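Data first, discussion second: the structure below is written as structure tokens.
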Amino acid sequence: MAGLGEMMFRTLATFVAGVLLAGPALAAEYHEAPALAALVAQGKLPPVAQRLPQAPEVVQPVQSIGHYGGVLRTAVRGDSDHNAILKMVGNMGLTRWSMDYSKPIANLAESWATNEDASEYTFKLRAGLKWSDGVPFGADDVLFFVNDLLPNKQFFQSPPSQYVINGQPMRAEKIDDSTVKISFAGSYLRFPWVLATPLGQHPVLYAKHYCQQFTPMYNPDLPKLLTEAHQPDWPTLFRQKCGDIEIPARWSNPDKPVMDPWVISTPYTGGGTQVVVRRNPYFWQVDPAGNQLPYIDSVNMKVIGDIQTMLLAAIGGQFDLLVRHINTINNKPVLAQHAAEGGYSLVTLSPTDSSAMALWFNETELDPKLRPLMRNHDFREALSLAIDRDEINDIVFLGQSKPWQVGPLPGDKFYNEKLGTQYTQYDPDTANQMLDKLGLAKRDGDGMRLLPDGSKLFLSIDAMTADTAAIDVAELVKKQWAKVGVNIGINTMERSLYYERAQNNAYDIGTYAVPSGLNATSDPRALIAIQTLDSRQSLPWVKWYSTGGKAGEEPSDSMKQRMKLWDQWKQASSEQQADQLFSQICALAADAFEVVGTVQGVTTFGIRSNKLMNVPTSMPNGWDYPNPAPTLPQQYYFAN
Amino acid sequence: MARFITRRLLGMIPFIFLVSITVFLLIKLTPGDFVSNYAASLAASGETVDDAMLASMRARYGLDQPLLIQYWDWISGVARGDFGYSFEWQQPVVSLIGERIGLTLVLSLSTLFFTWAIALPIGVYSAVRRYSIGDYIFTFLGFVGLAVPGFLIGLVLMFVGVSVFHTDVGGLFSPTYTNAPWSIARVGDLLKHLWVPMIILGVSGAASLIRIMRANLLDQLNQPYVDTARAKGLSELTLLVRYPIRVALNPFVSTLGFILPQLVSGSVIISIVLNLPTAGPLLLQALLGQDQYLAGAFLLLLCAMTVIGTLLSDILLALLDPRIRFQ
């Protein structure tokens, strides 16, 4: 992440120069897929040089220059798995992640510059970009979202927070057809990072020439359209036709123009059994030899409801690439065992999670007898010392990880040794002594500790039935804590009830992985209580923060301090200042020690067909980095 | 007869109305709503969604309205034949159900015929040749069929298919035909795939039917009227088919009412494991995701089918069994 400042302030000179040097000198040297060439010959499609931008981005293939053809077979689940499609084909924002997930780089914007306090960004779009239907893409499309849709109260009841600074949504100004200036009501150093994540795709998601017909601002005949479509209001119709970042409808309209390498042709619908995306003839990247990408003709995603069925198809060699759903650590042996006969290799998915499984002690516990304990640093420290993390690592994670609390992983620039490694040694004797001192020295006939008033000490751990790792870890923790006389129950439940109980603050300890071990600032939910669904150290604190103190419950002093630092971090105008603020947050979180981790995020494995080339042997596995899309599947190809 | 049918049909209207209230309340009783489920399902796979987006969705789908208004919006639409929109898929509920109901019927009916074609003859054989080697073999197989869950048989068959025969996993079509328009070749492809789920779905049903048929028939075979018929010189086959089997069929027909809704919901788990494009998995998804209009439509459909099925079985019973008369 170093060099953020330089990156933002330098003009794109170096980048453009690189592109020109590497790229073909003449338009005539561009090549295209045979199927497209045939359409050109029939006069149904303009020649490739006219479909590409003036200076298409030249993508360096991972291994070698490929050739055209083939169908990539993969899978999605039948319910709410639309993001699998996003992660496969839909990651073309103004910026995108560098393949190693270290920084945002130029994408649809070939460069950007910002003013001194990082409140204004000027994006230079690649000249001559076209939507998948051949209509030019430009500043007007960005303005359509930023100025027409974003502030519209019917479209967004309140605008998504990633576009809001100091309570004001961003504004866009057109400099020329391929230059846009986006301004904020304050500094927003992080904006290019946000644009590289899936949630930052809005500005380039909607083709104005197509989507404007579904808005009252541009279509006076809209009521007629609404009646025909039997839709109550225009935002519903709009989202049905043009989608939104993460709803299934994004993948249900083949007529919607996109900037992605492949265009939906068999949509993702409730009754669908497969989803097919086909080559975008106007895609704007080429390889160093001047071949228009993507190499692969289409991606065929089979809709499979059951993960075991998916695994079975995977070991049968029926997928060319699958890095989702089957990538749990306990599947590694079976995947490895069948690799030869299935004709595939394992792809290493390096974890972006900080902790593979953490215990989120509820700081705002409802039970008044337990509450002082839950908020007591020493109580959590003692219980942390009573966890045998090596045993958890060996049994649940096949020895693939190492003991860890929470926070940025080694290698991240915010790595804080204390935050990550304090109290990770297994020391039941010290734990026993500490618990005795906390007034829990009395025990019942089973050797389990009693609260000072003589009632039994009992904590329940909530876990989702689908989250088998959480349940397995909880079982081991139950056994380990029993040795120091702490009795817990494991409360497994369906996903919706698990989240409902969290929202009602009706749990003692939550179990969940901790994200953001890399790129620590992207989702610091375990360090600061700001994530409305999953900051389980206390959701009333989150509410207090998000409502500016009007609702919820006032957090501890340390947490309030971190929230303040976080607000300052968001407004920081220099990288140095921002980094310093975030380091303070980490230090405070280490002292407060709210979330008890077990082991580091664990490496998992996906599969790729041995014939599929240019797939990196290892890729980060995450949501902000929606793999495999940032590794550019458009440059994958099939060996003969 | 006509009066009986009319009376039953009219009685269905208030019944279905009460059912609709129950169905709606049941869906609403579960914790959370569609939007909180949507957020939870994203969060559970490590994905995030903005709070403002969630609030907008809730307002757009009317989930912030009082329960009574939500119910009225739904039921008044249903009365007009408009079953509403699926929140998740942004498609009309009717077209979603329609997409899947056709193949569901094909699969369910063929399974039903398969079950009966196997169970009735074997049941009769087992009863007539009681305690023979054949009876023991069928009894053994029957209990295995009853005891092993269908999805397990499905997984094992698929594993063998994949690792030994390198076949496709599940589904009702090969990849080539999945989205092809209907043609003779596509029907052929369907038939090639249909027999696997048909057998898996049929096995446990057939096993229990064999037991029922055997027990029923054993009851009848010792009745005096059978001896009388035999004494009068009827051949064994004619005798069996004309009297005791006809009586023994009675429980089959009276449970016909429950077979209709089973066509839709009976095979959910197996359909998910075998990845069949039938209605069951969609119903389960809708319930889990609290996609209330889709789930509501399904449940209403199931209830209506049960009511109609019971009516049909009553009529058939009257035709089959001379002891039953309308008052």
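For the structure tokens, the naming scheme is as follows: chains receive sequential letters (A, B, ...) according to their order of presentation, residues are indexed from 1 within each chain, and ligands are indexed from 1 in presentation order.
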request  = Looking only at strand (DSSP E) from DSSP on the backbone, list the matching residues of range 496-587 of chain A as a count of residues only.
outcome  = 6
inquiry  = as a VMD selection string, please: every residue in range 311-560 of chain A that a backbone DSSP assignment puts in helix (DSSP H, G or I).
reply    = chain A and resid 311 to 315 329 to 337 339 to 342 371 to 374 377 to 385 389 to 396 417 to 421 428 to 440 468 to 482 495 to 503 520 to 522 539 to 546 557 to 560
Trp541 in chain A environment, 9 Å, only C-alpha atoms, sequence neighbours closer than 6 positions dropped, as a ChimeraX atom specification = /A:363-364,529-530,535,551-556,559
Output file for the selection above: C-alpha atoms, as a CSV table (one decimal), in the first residue's frame:
chain,number,residue,atom,x,y,z
A,363,GLU,CA,-19.8,-6.0,26.1
A,364,THR,CA,-23.4,-4.9,26.6
A,529,ALA,CA,-17.8,-1.2,16.8
A,530,ILE,CA,-19.0,0.2,13.5
A,535,SER,CA,-19.6,-5.9,15.2
A,551,ALA,CA,-29.9,5.5,20.3
A,552,GLY,CA,-28.1,2.4,21.5
A,553,GLU,CA,-25.8,2.5,24.4
A,554,GLU,CA,-22.8,4.6,25.2
A,555,PRO,CA,-19.6,2.7,24.6
A,556,SER,CA,-16.5,2.4,26.8
A,559,MET,CA,-14.2,2.6,22.2
task = Skip Val203 in chain B itself and residues of its chain fewer than 6 positions away, then list as a PyMOL selection string all residues within 9 Å of it, counting only C-alpha atoms.
result = chain B and resi 115+142+145-146+150
Output as CSV one row per residue of range 352-450 of chain A within 12 Å of range 90-114 of chain A: the closest atom pair and its distance in Å to one decimal place, counting only C-alpha atoms, sorted by chain and residue number ascending.
residue,atom,partner,partner_atom,distance
A:Thr352,CA,A:Tyr101,CA,9.9
A:Gly411,CA,A:Ser102,CA,11.3
A:Asp412,CA,A:Ser102,CA,9.8
A:Lys413,CA,A:Ser102,CA,10.8
task = Name all residues at most 6 Å from range 171-173 of chain B (count only C-alpha atoms; drop same-chain ones fewer than 6 positions away) and give them as a VMD selection string.
result = chain B and resid 190 193 275 to 276
What would the file look like if the residues just selected were written as a compact mmCIF listing (two decimals), in the first residue's frame with C-alpha atoms?
# COMPACT_ATOMS: atom_id res chain seq x y z
CA LEU B 190 -34.93 -35.78 -20.32
CA HIS B 193 -31.89 -38.45 -16.95
CA ASN B 275 -30.01 -30.66 -8.37
CA LEU B 276 -33.40 -31.13 -10.03
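Picture a line from CA of Gln318 in chain A to CA of Ile85 in chain A; it runs 18.0 Å.
Here CA of Lys550 in chain A and CA of Thr48 in chain B stand 24.5 Å from one another.
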request  = Could you list, as JSON, numbers by chain, the residues of chain B having an atom within 8 Å of chain A when counting only C-alpha atoms?
outcome  = {"B": [31, 32, 36, 37, 38, 40, 41, 42, 43, 44, 46, 47, 48, 49, 50, 51, 52, 53, 55, 56, 60, 88, 89, 90, 96, 97, 99, 100, 155, 158, 159, 162, 163, 166, 168, 169, 170, 178, 272, 273, 274, 275, 277, 281, 282, 285]}
